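Colleague: Structure file input-v3.txt, compact mmCIF, C-alpha atoms and all ligand atoms, is pasted below:
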```
# COMPACT_ATOMS: atom_id res chain seq x y z
CA MET A 1 6.46 -45.40 20.12
CA LYS A 2 8.37 -43.86 22.99
CA ARG A 3 7.02 -43.69 26.53
CA PRO A 4 6.87 -40.20 28.14
CA ASP A 5 10.24 -40.62 29.88
CA GLN A 6 11.94 -41.78 26.64
CA TRP A 7 11.62 -38.48 24.76
CA ALA A 8 14.92 -36.70 24.10
CA LEU A 9 14.08 -33.76 26.35
CA PHE A 10 14.10 -36.19 29.29
CA GLY A 11 17.31 -37.98 28.26
CA GLY A 12 16.19 -40.31 25.42
CA THR A 13 17.65 -40.51 21.91
CA PRO A 14 16.37 -37.84 19.49
CA SER A 15 14.00 -39.09 16.76
CA PHE A 16 16.30 -37.55 14.10
CA ALA A 17 20.10 -37.85 14.22
CA GLN A 18 20.56 -34.45 12.50
CA PRO A 19 18.51 -31.29 13.11
CA LEU A 20 15.74 -30.58 10.58
CA HIS A 21 15.21 -26.84 10.26
CA VAL A 22 12.47 -24.63 8.79
CA GLY A 23 13.61 -23.39 5.38
CA GLN A 24 15.68 -26.39 4.31
CA LEU A 25 18.06 -25.22 1.60
CA ASN A 26 16.86 -25.54 -2.00
CA LEU A 27 20.32 -25.78 -3.56
CA PRO A 28 21.03 -26.50 -7.24
CA GLN A 29 23.43 -29.35 -8.12
CA TRP A 30 27.07 -28.61 -7.35
CA ASP A 31 28.23 -29.23 -10.97
CA GLN A 32 25.81 -26.51 -12.19
CA ILE A 33 27.06 -24.10 -9.53
CA GLU A 34 30.65 -24.89 -10.54
CA VAL A 35 30.03 -24.07 -14.22
CA THR A 36 28.29 -20.81 -13.29
CA PHE A 37 31.05 -19.74 -10.91
CA ARG A 38 33.80 -20.65 -13.41
CA GLY A 39 32.12 -18.25 -15.86
CA ILE A 40 32.15 -15.45 -13.27
CA PHE A 41 35.85 -15.96 -12.55
CA GLU A 42 36.73 -16.22 -16.26
CA ARG A 43 34.92 -12.95 -17.04
CA GLN A 44 36.36 -11.37 -13.86
CA TRP A 45 33.13 -9.42 -13.56
CA TYR A 46 31.91 -9.94 -10.00
CA THR A 47 29.44 -7.12 -9.39
CA ASN A 48 28.20 -3.73 -10.71
CA HIS A 49 25.37 -4.99 -12.89
CA GLY A 50 27.20 -7.84 -14.59
CA PRO A 51 25.69 -10.13 -17.24
CA LEU A 52 24.16 -12.60 -14.75
CA ALA A 53 22.53 -9.82 -12.68
CA ARG A 54 21.05 -8.33 -15.84
CA GLU A 55 19.90 -11.78 -17.01
CA PHE A 56 18.20 -12.43 -13.67
CA ASP A 57 16.42 -9.01 -13.76
CA ILE A 58 14.89 -10.07 -17.08
CA ALA A 59 14.19 -13.68 -16.07
CA PHE A 60 12.46 -12.73 -12.81
CA ALA A 61 10.38 -9.99 -14.47
CA ARG A 62 9.25 -12.57 -17.04
CA HIS A 63 8.49 -15.09 -14.29
CA LEU A 64 6.28 -12.55 -12.50
CA GLY A 65 4.76 -11.12 -15.68
CA VAL A 66 5.76 -7.55 -14.69
CA LYS A 67 7.61 -4.84 -16.65
CA HIS A 68 10.43 -4.35 -14.14
CA ALA A 69 12.23 -6.58 -11.65
CA ILE A 70 14.96 -4.58 -9.92
CA THR A 71 17.14 -7.11 -8.16
CA VAL A 72 19.08 -6.24 -5.00
CA ASN A 73 21.28 -7.96 -2.43
CA ASN A 74 18.58 -9.01 0.06
CA GLY A 75 14.89 -8.70 0.89
CA THR A 76 15.47 -6.09 3.59
CA VAL A 77 17.27 -3.80 1.12
CA ALA A 78 14.42 -4.42 -1.35
CA LEU A 79 12.00 -3.08 1.28
CA MET A 80 14.27 -0.11 2.07
CA VAL A 81 14.60 0.79 -1.61
CA ALA A 82 10.84 0.34 -2.10
CA ALA A 83 10.00 2.53 0.91
CA ARG A 84 12.21 5.34 -0.48
CA THR A 85 10.89 4.80 -3.99
CA LEU A 86 7.38 5.72 -2.82
CA GLY A 87 8.77 9.27 -2.62
CA PHE A 88 7.22 10.49 0.65
CA ASP A 89 9.52 12.01 3.26
CA GLN A 90 6.86 11.75 5.97
CA GLY A 91 3.43 10.27 6.60
CA GLU A 92 1.75 7.20 8.05
CA VAL A 93 1.87 3.73 6.54
CA ILE A 94 -0.55 1.03 7.69
CA VAL A 95 1.37 -2.20 8.21
CA PRO A 96 0.95 -5.48 10.14
CA SER A 97 2.91 -6.08 13.32
CA PHE A 98 2.78 -9.85 12.61
CA THR A 99 5.69 -9.81 10.16
CA PHE A 100 9.48 -9.96 9.99
CA PRO A 101 10.70 -6.68 11.57
CA ALA A 102 12.34 -5.56 8.28
CA THR A 103 8.91 -4.80 6.78
CA VAL A 104 8.36 -2.13 9.39
CA GLN A 105 11.92 -0.94 9.97
CA ALA A 106 12.34 -0.17 6.24
CA LEU A 107 9.43 2.27 6.54
CA SER A 108 11.00 3.96 9.57
CA TRP A 109 14.33 4.16 7.71
CA ALA A 110 12.54 6.08 4.94
CA GLY A 111 11.14 8.58 7.48
CA LEU A 112 7.62 7.10 7.47
CA THR A 113 5.52 6.31 10.54
CA PRO A 114 4.23 2.74 10.86
CA ILE A 115 0.63 2.38 12.02
CA PHE A 116 0.23 -1.18 13.24
CA CYS A 117 -2.83 -3.09 12.10
CA ASP A 118 -4.15 -6.46 13.25
CA VAL A 119 -4.42 -9.37 10.80
CA SER A 120 -7.01 -11.94 9.80
CA PRO A 121 -7.01 -15.11 11.96
CA GLU A 122 -7.65 -17.13 8.78
CA THR A 123 -4.90 -15.83 6.48
CA HIS A 124 -2.55 -14.06 8.95
CA THR A 125 -2.51 -11.04 6.58
CA LEU A 126 -4.08 -7.56 6.54
CA THR A 127 -7.61 -7.19 5.19
CA ALA A 128 -9.21 -4.08 3.71
CA GLU A 129 -11.84 -4.12 6.51
CA GLN A 130 -9.12 -3.90 9.17
CA VAL A 131 -7.12 -1.24 7.30
CA ARG A 132 -9.99 1.15 6.47
CA PRO A 133 -10.64 2.48 10.02
CA LEU A 134 -6.92 3.30 10.44
CA ILE A 135 -6.79 5.64 7.43
CA THR A 136 -6.33 9.30 8.46
CA PRO A 137 -5.41 12.48 6.55
CA SER A 138 -1.76 11.64 7.37
CA THR A 139 -1.88 8.18 5.73
CA VAL A 140 0.27 7.97 2.60
CA ALA A 141 0.48 4.22 1.99
CA ILE A 142 -0.55 0.68 2.92
CA ALA A 143 2.18 -1.96 3.28
CA GLY A 144 0.69 -5.46 3.23
CA VAL A 145 2.62 -8.71 3.62
CA HIS A 146 1.83 -11.86 1.61
CA LEU A 147 2.78 -13.87 4.68
CA TRP A 148 3.56 -17.57 4.14
CA GLY A 149 2.81 -16.83 0.46
CA GLN A 150 -0.86 -16.19 1.35
CA PRO A 151 -2.32 -13.32 -0.73
CA CYS A 152 -2.83 -10.21 1.40
CA ASP A 153 -6.34 -9.25 0.20
CA PRO A 154 -4.78 -7.81 -2.99
CA GLU A 155 -7.84 -6.63 -4.93
CA ALA A 156 -9.69 -5.12 -1.95
CA LEU A 157 -6.55 -3.32 -0.73
CA ALA A 158 -5.93 -1.98 -4.24
CA ALA A 159 -9.50 -0.63 -4.34
CA LEU A 160 -9.08 0.95 -0.90
CA ALA A 161 -5.74 2.52 -1.88
CA GLU A 162 -7.34 3.96 -5.00
CA GLU A 163 -10.34 5.30 -3.06
CA PHE A 164 -8.08 7.26 -0.69
CA GLY A 165 -5.23 8.03 -3.13
CA LEU A 166 -2.71 5.91 -1.21
CA ALA A 167 0.36 4.05 -2.41
CA LEU A 168 0.24 0.26 -2.04
CA LEU A 169 3.35 -1.76 -1.26
CA PHE A 170 3.44 -5.52 -0.75
CA ASP A 171 6.18 -7.42 1.05
CA ALA A 172 6.17 -10.63 -0.98
CA ALA A 173 9.34 -12.07 0.62
CA HIS A 174 7.60 -15.45 1.11
CA ALA A 175 5.65 -15.43 -2.12
CA VAL A 176 7.87 -16.43 -5.06
CA GLY A 177 5.82 -18.86 -7.14
CA CYS A 178 2.49 -17.96 -5.47
CA THR A 179 -0.54 -16.73 -7.40
CA HIS A 180 -3.95 -15.21 -6.66
CA HIS A 181 -6.78 -15.65 -9.21
CA GLY A 182 -4.15 -16.89 -11.66
CA ARG A 183 -1.86 -13.85 -11.28
CA PRO A 184 1.60 -14.01 -9.64
CA LEU A 185 1.57 -12.02 -6.40
CA GLY A 186 4.32 -9.70 -7.72
CA GLN A 187 1.72 -8.15 -10.03
CA PHE A 188 -0.29 -6.58 -7.19
CA GLY A 189 0.31 -3.14 -5.65
CA ASP A 190 2.49 -0.29 -6.90
CA LEU A 191 5.58 -2.16 -5.73
CA ALA A 192 6.17 -5.70 -4.46
CA THR A 193 9.38 -6.88 -2.82
CA PHE A 194 10.87 -10.39 -2.70
CA SER A 195 13.59 -12.22 -0.77
CA PHE A 196 15.99 -14.86 -2.14
CA HIS A 197 17.49 -15.62 1.26
CA ALA A 198 18.99 -19.10 1.60
CA THR A 199 15.85 -20.30 3.41
CA LYS A 200 13.48 -19.13 0.67
CA ILE A 201 12.10 -21.16 -2.25
CA VAL A 202 14.41 -19.33 -4.69
CA ASN A 203 17.79 -19.34 -2.98
CA ALA A 204 20.53 -16.91 -4.04
CA ALA A 205 22.24 -17.31 -0.62
CA GLU A 206 21.11 -13.69 -0.10
CA GLY A 207 19.10 -11.67 -2.57
CA GLY A 208 16.00 -9.60 -3.14
CA CYS A 209 13.94 -7.78 -5.74
CA ILE A 210 11.50 -4.93 -6.26
CA ALA A 211 8.81 -5.64 -8.86
CA THR A 212 6.65 -3.01 -10.55
CA ASN A 213 4.74 -2.21 -13.72
CA ASP A 214 5.28 1.54 -13.23
CA ASP A 215 8.13 2.99 -15.33
CA GLU A 216 8.61 6.03 -13.07
CA LEU A 217 8.79 3.97 -9.87
CA ALA A 218 11.18 1.55 -11.61
CA ALA A 219 13.49 4.43 -12.57
CA ARG A 220 13.54 5.70 -8.99
CA ALA A 221 14.14 2.21 -7.53
CA LYS A 222 16.99 1.54 -9.98
CA THR A 223 18.70 4.80 -9.06
CA ILE A 224 18.25 4.31 -5.31
CA ARG A 225 19.65 0.76 -5.48
CA SER A 226 23.14 1.82 -6.63
CA PHE A 227 25.76 4.56 -6.39
CA HIS A 228 27.10 3.33 -9.71
CA PRO A 229 27.35 6.42 -12.00
CA GLY A 230 25.84 4.52 -14.94
CA GLU A 231 22.72 3.77 -12.89
CA GLN A 232 21.20 7.28 -12.81
CA TYR A 233 17.64 7.07 -14.15
CA ALA A 234 15.71 9.50 -11.93
CA PRO A 235 16.44 12.40 -9.57
CA VAL A 236 16.49 10.95 -6.03
CA ASP A 237 17.90 12.28 -2.74
CA THR A 238 19.18 9.03 -1.26
CA ARG A 239 21.11 6.21 -2.89
CA ILE A 240 22.47 3.04 -1.29
CA ASN A 241 24.51 0.05 -2.35
CA GLY A 242 21.90 -2.63 -2.91
CA LYS A 243 23.40 -4.25 -6.00
CA MET A 244 23.02 -8.00 -6.49
CA SER A 245 26.44 -9.60 -7.08
CA GLU A 246 27.19 -11.97 -9.95
CA ALA A 247 27.55 -14.88 -7.49
CA GLN A 248 24.06 -14.20 -6.13
CA ALA A 249 22.57 -13.75 -9.60
CA GLY A 250 24.18 -17.01 -10.79
CA LEU A 251 22.63 -18.94 -7.89
CA ALA A 252 19.30 -17.15 -8.36
CA LEU A 253 19.13 -18.14 -12.04
CA LEU A 254 19.86 -21.80 -11.25
CA SER A 255 17.36 -21.79 -8.39
CA LEU A 256 14.64 -20.12 -10.47
CA ALA A 257 15.06 -22.86 -13.10
CA GLU A 258 14.24 -25.42 -10.37
CA LEU A 259 11.31 -23.48 -8.90
CA GLU A 260 8.50 -25.58 -10.38
CA SER A 261 10.04 -28.91 -9.33
CA ASN A 262 10.82 -27.57 -5.84
CA ILE A 263 7.23 -26.36 -5.47
CA ALA A 264 5.90 -29.75 -6.60
CA ALA A 265 8.08 -31.56 -4.03
CA ASN A 266 7.14 -29.05 -1.29
CA ARG A 267 3.47 -29.64 -2.15
CA GLN A 268 3.79 -33.43 -1.76
CA ARG A 269 5.34 -33.00 1.70
CA HIS A 270 2.77 -30.33 2.61
CA MET A 271 -0.05 -32.72 1.69
CA ILE A 272 1.29 -35.29 4.16
CA TYR A 273 1.46 -32.64 6.87
CA GLN A 274 -2.11 -31.58 5.98
CA GLN A 275 -3.45 -35.13 6.08
CA ARG A 276 -1.70 -36.08 9.30
CA LEU A 277 -1.49 -32.90 11.43
CA GLY A 278 -4.83 -31.55 10.17
CA GLU A 279 -6.48 -34.58 11.83
CA LEU A 280 -5.05 -33.90 15.27
CA PRO A 281 -7.16 -32.09 17.90
CA GLY A 282 -6.20 -28.47 18.49
CA LEU A 283 -3.94 -28.17 15.42
CA ARG A 284 -4.96 -25.98 12.44
CA LEU A 285 -2.70 -26.06 9.40
CA LEU A 286 -2.91 -23.12 6.98
CA THR A 287 -3.80 -24.17 3.43
CA PRO A 288 -4.15 -21.99 0.31
CA ALA A 289 -7.64 -20.88 -0.78
CA THR A 290 -9.05 -22.79 -3.77
CA ASP A 291 -8.34 -20.01 -6.30
CA ASP A 292 -4.77 -19.40 -5.06
CA THR A 293 -1.58 -21.37 -5.61
CA SER A 294 1.23 -21.61 -3.07
CA ASN A 295 4.92 -22.49 -3.09
CA TYR A 296 4.18 -24.64 0.02
CA GLN A 297 7.45 -23.50 1.58
CA TYR A 298 5.79 -22.78 4.94
CA VAL A 299 4.01 -25.41 6.99
CA THR A 300 2.23 -23.08 9.39
CA VAL A 301 0.28 -24.57 12.27
CA VAL A 302 -1.81 -22.71 14.85
CA ILE A 303 -2.05 -24.58 18.15
CA ASP A 304 -5.06 -24.36 20.44
CA SER A 305 -3.48 -25.43 23.72
CA GLU A 306 -6.80 -26.31 25.39
CA ARG A 307 -7.69 -28.85 22.72
CA ALA A 308 -4.16 -30.04 21.91
CA GLY A 309 -3.25 -30.64 25.55
CA LEU A 310 0.13 -28.93 25.10
CA CYS A 311 0.74 -25.25 24.40
CA ARG A 312 2.86 -24.16 21.41
CA ASP A 313 5.98 -23.54 23.52
CA GLN A 314 5.73 -26.94 25.25
CA LEU A 315 5.33 -28.74 21.93
CA ALA A 316 8.20 -26.73 20.36
CA ARG A 317 10.48 -27.59 23.25
CA LEU A 318 9.77 -31.30 22.99
CA LEU A 319 10.20 -31.27 19.20
CA ASP A 320 13.42 -29.28 19.43
CA ALA A 321 14.97 -32.01 21.55
CA GLU A 322 13.88 -34.56 18.91
CA ASN A 323 15.87 -32.48 16.34
CA ILE A 324 12.65 -31.22 14.74
CA ILE A 325 13.49 -27.53 14.84
CA CYS A 326 10.22 -25.67 14.33
CA ARG A 327 10.09 -21.85 14.42
CA ARG A 328 7.90 -19.52 16.48
CA TYR A 329 7.31 -16.62 14.09
CA PHE A 330 7.15 -13.54 14.88
CA GLU A 331 7.14 -13.42 18.64
CA PRO A 332 6.58 -10.93 20.33
CA GLY A 333 5.22 -8.97 17.31
CA THR A 334 7.04 -6.01 15.76
CA HIS A 335 5.12 -3.44 17.84
CA ARG A 336 6.66 -5.07 20.94
CA LEU A 337 10.24 -4.79 19.60
CA PRO A 338 12.64 -1.83 19.75
CA PRO A 339 12.30 0.97 18.78
CA TYR A 340 8.50 0.69 18.65
CA ARG A 341 7.94 -0.77 22.12
CA ASP A 342 9.34 2.41 23.67
CA ASP A 343 6.48 4.45 22.21
CA PRO A 344 3.93 4.85 25.09
CA ALA A 345 0.99 4.59 22.65
CA LEU A 346 2.30 1.29 21.26
CA ARG A 347 2.88 -0.13 24.74
CA VAL A 348 -0.90 -0.17 25.24
CA LEU A 349 -1.88 -1.00 21.66
CA SER A 350 -4.10 -4.07 21.51
CA LEU A 351 -3.77 -6.36 18.48
CA PRO A 352 -5.60 -9.48 19.71
CA VAL A 353 -5.10 -11.71 16.65
CA THR A 354 -1.42 -10.76 16.32
CA GLU A 355 -0.83 -11.50 19.99
CA ARG A 356 -2.61 -14.84 19.72
CA LEU A 357 -0.62 -15.84 16.63
CA CYS A 358 2.66 -14.81 18.26
CA ARG A 359 1.73 -17.18 21.09
CA ASP A 360 0.27 -20.07 19.06
CA VAL A 361 1.98 -20.28 15.62
CA LEU A 362 4.54 -22.98 14.97
CA VAL A 363 6.15 -23.49 11.55
CA PHE A 364 7.37 -27.00 10.69
CA PRO A 365 10.40 -27.91 8.52
CA ASN A 366 9.99 -28.23 4.75
CA GLY A 367 12.30 -28.01 1.72
CA THR A 368 14.16 -30.09 -0.84
CA PRO A 369 16.55 -32.09 1.37
CA MET A 370 13.61 -33.54 3.33
CA THR A 371 11.94 -36.76 2.25
CA GLU A 372 8.28 -37.66 2.51
CA ASP A 373 9.35 -40.30 5.06
CA ASP A 374 10.90 -37.52 7.18
CA VAL A 375 7.54 -35.72 7.16
CA SER A 376 5.63 -38.88 8.09
CA LYS A 377 8.05 -39.47 10.95
CA ILE A 378 7.65 -35.86 12.18
CA CYS A 379 3.86 -36.38 12.12
CA ASP A 380 4.25 -39.68 14.05
CA VAL A 381 6.23 -37.80 16.71
CA VAL A 382 3.67 -34.96 16.99
CA GLU A 383 0.80 -37.46 17.18
CA ALA A 384 2.54 -39.45 19.91
CA LEU A 385 3.42 -36.32 21.90
CA LEU A 386 -0.17 -35.07 21.84
CA ALA A 387 -1.47 -38.52 22.80
CA GLN A 388 0.76 -38.36 25.90
CA ALA A 389 0.01 -34.68 26.63
CA PRO A 390 -1.13 -35.00 30.30
CA ALA A 391 1.93 -37.04 31.31
CA LEU A 392 4.27 -34.77 29.31
CA ARG A 393 2.84 -31.59 30.86
CA ALA A 394 3.63 -33.00 34.30
CA LYS A 395 7.17 -33.96 33.26
CA LEU A 396 7.78 -30.57 31.61
CA GLU A 397 6.97 -28.85 34.91
CA GLN A 398 9.74 -30.91 36.54
CA VAL A 399 12.40 -29.84 33.99
CA ALA A 400 11.33 -26.19 33.86
C1 LIG B 1 8.14 -11.26 5.61
C2 LIG B 1 9.59 -10.96 5.40
N1 LIG B 1 9.94 -9.78 4.86
C3 LIG B 1 11.23 -9.45 4.64
C4 LIG B 1 12.25 -10.31 4.96
C5 LIG B 1 13.67 -9.89 4.74
O1 LIG B 1 14.31 -10.65 3.76
P1 LIG B 1 15.89 -10.88 3.80
O2 LIG B 1 16.19 -11.91 4.84
O3 LIG B 1 16.22 -11.34 2.42
O4 LIG B 1 16.53 -9.57 4.12
C6 LIG B 1 11.94 -11.56 5.51
C7 LIG B 1 13.02 -12.51 5.86
O5 LIG B 1 12.85 -13.65 6.11
C8 LIG B 1 10.59 -11.89 5.75
O6 LIG B 1 10.24 -13.06 6.32
```
Can I see the file as structure tokens?
Modeller:
Amino acid sequence: MKRPDQWALFGGTPSFAQPLHVGQLNLPQWDQIEVTFRGIFERQWYTNHGPLAREFDIAFARHLGVKHAITVNNGTVALMVAARTLGFDQGEVIVPSFTFPATVQALSWAGLTPIFCDVSPETHTLTAEQVRPLITPSTVAIAGVHLWGQPCDPEALAALAEEFGLALLFDAAHAVGCTHHGRPLGQFGDLATFSFHATKIVNAAEGGCIATNDDELAARAKTIRSFHPGEQYAPVDTRINGKMSEAQAGLALLSLAELESNIAANRQRHMIYQQRLGELPGLRLLTPATDDTSNYQYVTVVIDSERAGLCRDQLARLLDAENIICRRYFEPGTHRLPPYRDDPALRVLSLPVTERLCRDVLVFPNGTPMTEDDVSKICDVVEALLAQAPALRAKLEQVA
């Protein structure tokens, strides 16, 4: 193994010749893509609810076991459509700050006021206990996030929403293929939204979906998603162009067909990460609870700098130079981003777990193009770096 001065950050050769990113692309075989795209060009039907988009609506609803899957062109638009579909033109929505900013900005776009809530240090998601004290007469909804595909306290939040007559929305962007107590996560809440971004387990290059069992909400969401005159199912004030194209739907169908095998391969790699990184001092790797299943797309590690000897940012910097491109989600927290950070009340808001996670979370690469040997090698590198932590800390200060 390398000596401290041989690591790439200090001039050595990187451990990997090519960068390994978080969200490695789960792409179907090229010959399958070619056949699908030939069909689109032969039919000359590229968008406006073509046959592939309609087929994917049905296939994804069946996959989730819900009545309606309303597919759109990305996960952000899914959240925007969902926020409008709730039908409130004002009111407070309790939402985590530890999430992709789109979760919160979609609420603001719909005229709603986000009320930031801290998350559980174990699951990184909202819990009913944390949400309850934030409910006021102005609260209209709770927006939980199934972050990393971890269930966001679905049953307890549903009970709380019912107790106070609130709507319940889940951002399930990370959660395709994940279940809680045997039920796909898209079945929880009034509405659940998904992302089929290129880095997600189902990859449509870009894509998203709103899932619901409620016919009235489905009618509103379908109307909001499109200006297309044939898509008028409910009276709504605002419509946008959120249609999924045929190219996206074609990719989504191929990717959905490979979901189970991609999850199985992700799981194998995740197990190696668990066995190897879980053993190292100061590193805690998130694993699904026994009665949940995961898509294992996210390898999320929380780093305790005292015990690990290196803080998250030091480790990330060293790994980056080795071409192991880990990601620091969701620094600095949505409440510290524009436009929210300009609100004087939010400037002093304390969300201790969120702030700690923004400082300590590091997500490692996973996805189909990676081999189990790649993962073992990444773990070798992390182990060696932590074993040399005192010497590396001193060297890092010199290259600051
Ligand atoms: C939690 C979460 N919600 C929503 C989104 C938005 O999805 P998209 O990139 O498809 O717009 C993302 C994107 O990664 C996300 O991580």
Colleague: Using only C-alpha atoms and all ligand atoms, which protein or nucleic acid residues are at most 8 Å from ligand LIG 1 (chain B), as a PDB file with C-alpha atoms, in the frame of the given file?
Modeller:
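Final file, part.pdb:
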```
ATOM      1  CA  ASN A  73      21.280  -7.960  -2.430  1.00  0.00           C
ATOM      2  CA  ASN A  74      18.580  -9.010   0.060  1.00  0.00           C
ATOM      3  CA  GLY A  75      14.890  -8.700   0.890  1.00  0.00           C
ATOM      4  CA  THR A  76      15.470  -6.090   3.590  1.00  0.00           C
ATOM      5  CA  VAL A  77      17.270  -3.800   1.120  1.00  0.00           C
ATOM      6  CA  ALA A  78      14.420  -4.420  -1.350  1.00  0.00           C
ATOM      7  CA  LEU A  79      12.000  -3.080   1.280  1.00  0.00           C
ATOM      8  CA  THR A  99       5.690  -9.810  10.160  1.00  0.00           C
ATOM      9  CA  PHE A 100       9.480  -9.960   9.990  1.00  0.00           C
ATOM     10  CA  PRO A 101      10.700  -6.680  11.570  1.00  0.00           C
ATOM     11  CA  ALA A 102      12.340  -5.560   8.280  1.00  0.00           C
ATOM     12  CA  THR A 103       8.910  -4.800   6.780  1.00  0.00           C
ATOM     13  CA  VAL A 145       2.620  -8.710   3.620  1.00  0.00           C
ATOM     14  CA  HIS A 146       1.830 -11.860   1.610  1.00  0.00           C
ATOM     15  CA  LEU A 147       2.780 -13.870   4.680  1.00  0.00           C
ATOM     16  CA  TRP A 148       3.560 -17.570   4.140  1.00  0.00           C
ATOM     17  CA  ASP A 171       6.180  -7.420   1.050  1.00  0.00           C
ATOM     18  CA  ALA A 172       6.170 -10.630  -0.980  1.00  0.00           C
ATOM     19  CA  ALA A 173       9.340 -12.070   0.620  1.00  0.00           C
ATOM     20  CA  HIS A 174       7.600 -15.450   1.110  1.00  0.00           C
ATOM     21  CA  PHE A 194      10.870 -10.390  -2.700  1.00  0.00           C
ATOM     22  CA  SER A 195      13.590 -12.220  -0.770  1.00  0.00           C
ATOM     23  CA  PHE A 196      15.990 -14.860  -2.140  1.00  0.00           C
ATOM     24  CA  HIS A 197      17.490 -15.620   1.260  1.00  0.00           C
ATOM     25  CA  THR A 199      15.850 -20.300   3.410  1.00  0.00           C
ATOM     26  CA  LYS A 200      13.480 -19.130   0.670  1.00  0.00           C
ATOM     27  CA  GLU A 206      21.110 -13.690  -0.100  1.00  0.00           C
ATOM     28  CA  GLY A 207      19.100 -11.670  -2.570  1.00  0.00           C
ATOM     29  CA  GLY A 208      16.000  -9.600  -3.140  1.00  0.00           C
TER      30      GLY A 208
END
```
Colleague: Just checking: using only C-alpha atoms, which residue out of A:Asp360, A:Leu254, A:His335, A:Thr193 ends up closest to Val348 in chain A?
Modeller: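 Smallest distance to Val348 in chain A is found for A:His335.
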Colleague: Taking 4 positions as the minimum chain separation for residues in the same chain, which residues sit within 7 Å of Asp118 in chain A when counting only C-alpha atoms? Answer as a PyMOL selection string.
Modeller: chain A and resi 96+126+130+351+353-354
Colleague: May I ask which of the residues A:Pro235, A:Pro339, A:Pro352, A:Gly282 is the closest one to Glu216 in chain A, counting all atoms listed in the file?
Modeller: A:Pro235
Colleague: Measuring atom to atom with all atoms listed in the file, identify which of A:Phe116, A:Tyr329, A:Trp7, A:Phe60 is nearest to Arg312 in chain A.
Modeller: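 That would be A:Tyr329, the residue with the smallest distance to Arg312 in chain A.
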Colleague: Could you check how far CA of Trp109 in chain A sits from CA of Glu355 in chain A, in Å to one decimal?
Modeller: 25.0 Å
Colleague: Rounded to one decimal place, report the CA of Glu163 in chain A-CA of Arg84 in chain A distance in Å.
Modeller: 22.7 Å
Colleague: Using 8 Å as the limit and counting all atoms listed in the file, can you tabulate each residue of range 176-243 of chain A that touches range 284-308 of chain A, with its shortest atom-to-atom distance in Å and the two atoms involved, as a tab-separated table?
Modeller:
```
residue	atom	partner	partner_atom	distance
A:Val176	CA	A:Asn295	CA	7.0
A:Gly177	CA	A:Asn295	CA	5.5
A:Cys178	CA	A:Ser294	CA	4.5
A:Thr179	CA	A:Thr293	CA	5.1
A:His180	CA	A:Asp292	CA	4.6
A:His181	CA	A:Asp291	CA	5.5
A:Gly182	CA	A:Asp292	CA	7.1
A:Lys200	CA	A:Gln297	CA	7.5
A:Ile201	CA	A:Gln297	CA	6.5
```
Colleague: Using all atoms listed in the file, which residue out of A:Asp57, A:Asp374, A:Glu92, A:Glu129 lies closest to Ile210 in chain A?
Modeller: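 Using all atoms listed in the file, Ile210 in chain A sits closest to A:Asp57.
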Colleague: Report, in Å to a single decimal, how far apart CA of His21 in chain A and CA of Ile263 in chain A are.
Modeller: 17.6 Å
Colleague: When you count all atoms listed in the file, which of these residues is closest to Gly230 in chain A: A:His49, A:Cys311, A:Ala252, A:Ala265?
Modeller: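 Among the listed residues, the smallest separation from Gly230 in chain A belongs to A:His49.
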Colleague: Take the point (0.5, 0.5, 8.7) in the file's coordinates, draw a sphere of radius 8 Å around it, and report as an MDAnalysis selection string every protein, DNA or RNA residue with an atom inside or on it, counting only C-alpha atoms.
Modeller: chainID A and resid 92:96 113:117 131 141:143
Colleague: Between A:Ala247, A:Ala219, A:Val381, A:Asn262, which has the minimum distance to Gly39 in chain A (counting all atoms listed in the file)?
Modeller: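 Result for the nearest residue to Gly39 in chain A: A:Ala247.
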Colleague: Using only C-alpha atoms, which residues sit within 7 Å of Lys243 in chain A once same-chain residues fewer than 3 positions away are excluded, as a list in words?
Modeller: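 That gives Asn48, Val72, Asn73, Arg225 and Ser226 of chain A.
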Colleague: Centre and edge lengths of an axis-aligned box around all listed atoms of range 156-163 of chain A, with 3 Å added on each side, are to be given in Å to one decimal, as lines of an AutoDock Vina configuration file.
Modeller:
```
center_x = -8.0
center_y = 0.1
center_z = -2.9
size_x = 10.6
size_y = 16.4
size_z = 10.3
```
Colleague: Which residues, written as a list in words, have at least one atom at most 12 Å from Ala167 in chain A, with all atoms listed in the file counted and residues fewer than 4 positions away on the same chain left out?
Modeller: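 Surrounding residues, per the criterion: Ala82, Ala83, Thr85, Leu86, Gly87, Phe88, Gly91, Glu92, Val93, Ile94, Thr139, Val140, Ala141, Ile142, Ala143, Gly144, Leu157, Ala158, Ala159, Leu160, Ala161, Glu162, Glu163, Phe188, Gly189, Asp190, Leu191, Ala192 and Leu217 of chain A.
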Colleague: Contacts of Ile324 in chain A at 8 Å or less, counting all atoms listed in the file, minus same-chain residues fewer than 2 places along, as a count of residues only?
Modeller: 12
Colleague: Dig up all the protein and nucleic acid residues within 12 Å of (7.0, -31.0, 33.8) in the file frame, using all atoms listed in the file, and format them as a PyMOL selection string.
Modeller: chain A and resi 4-5+9-10+310+314+317-318+389-400
Colleague: Leaving out Glu55 in chain A and any residue of its chain fewer than 3 positions from it, which residues lie within 12 Å of it when counting all atoms listed in the file, given as a VMD selection string?
Modeller: chain A and resid 49 to 52 58 to 62 69 to 71 244 246 248 to 254 256
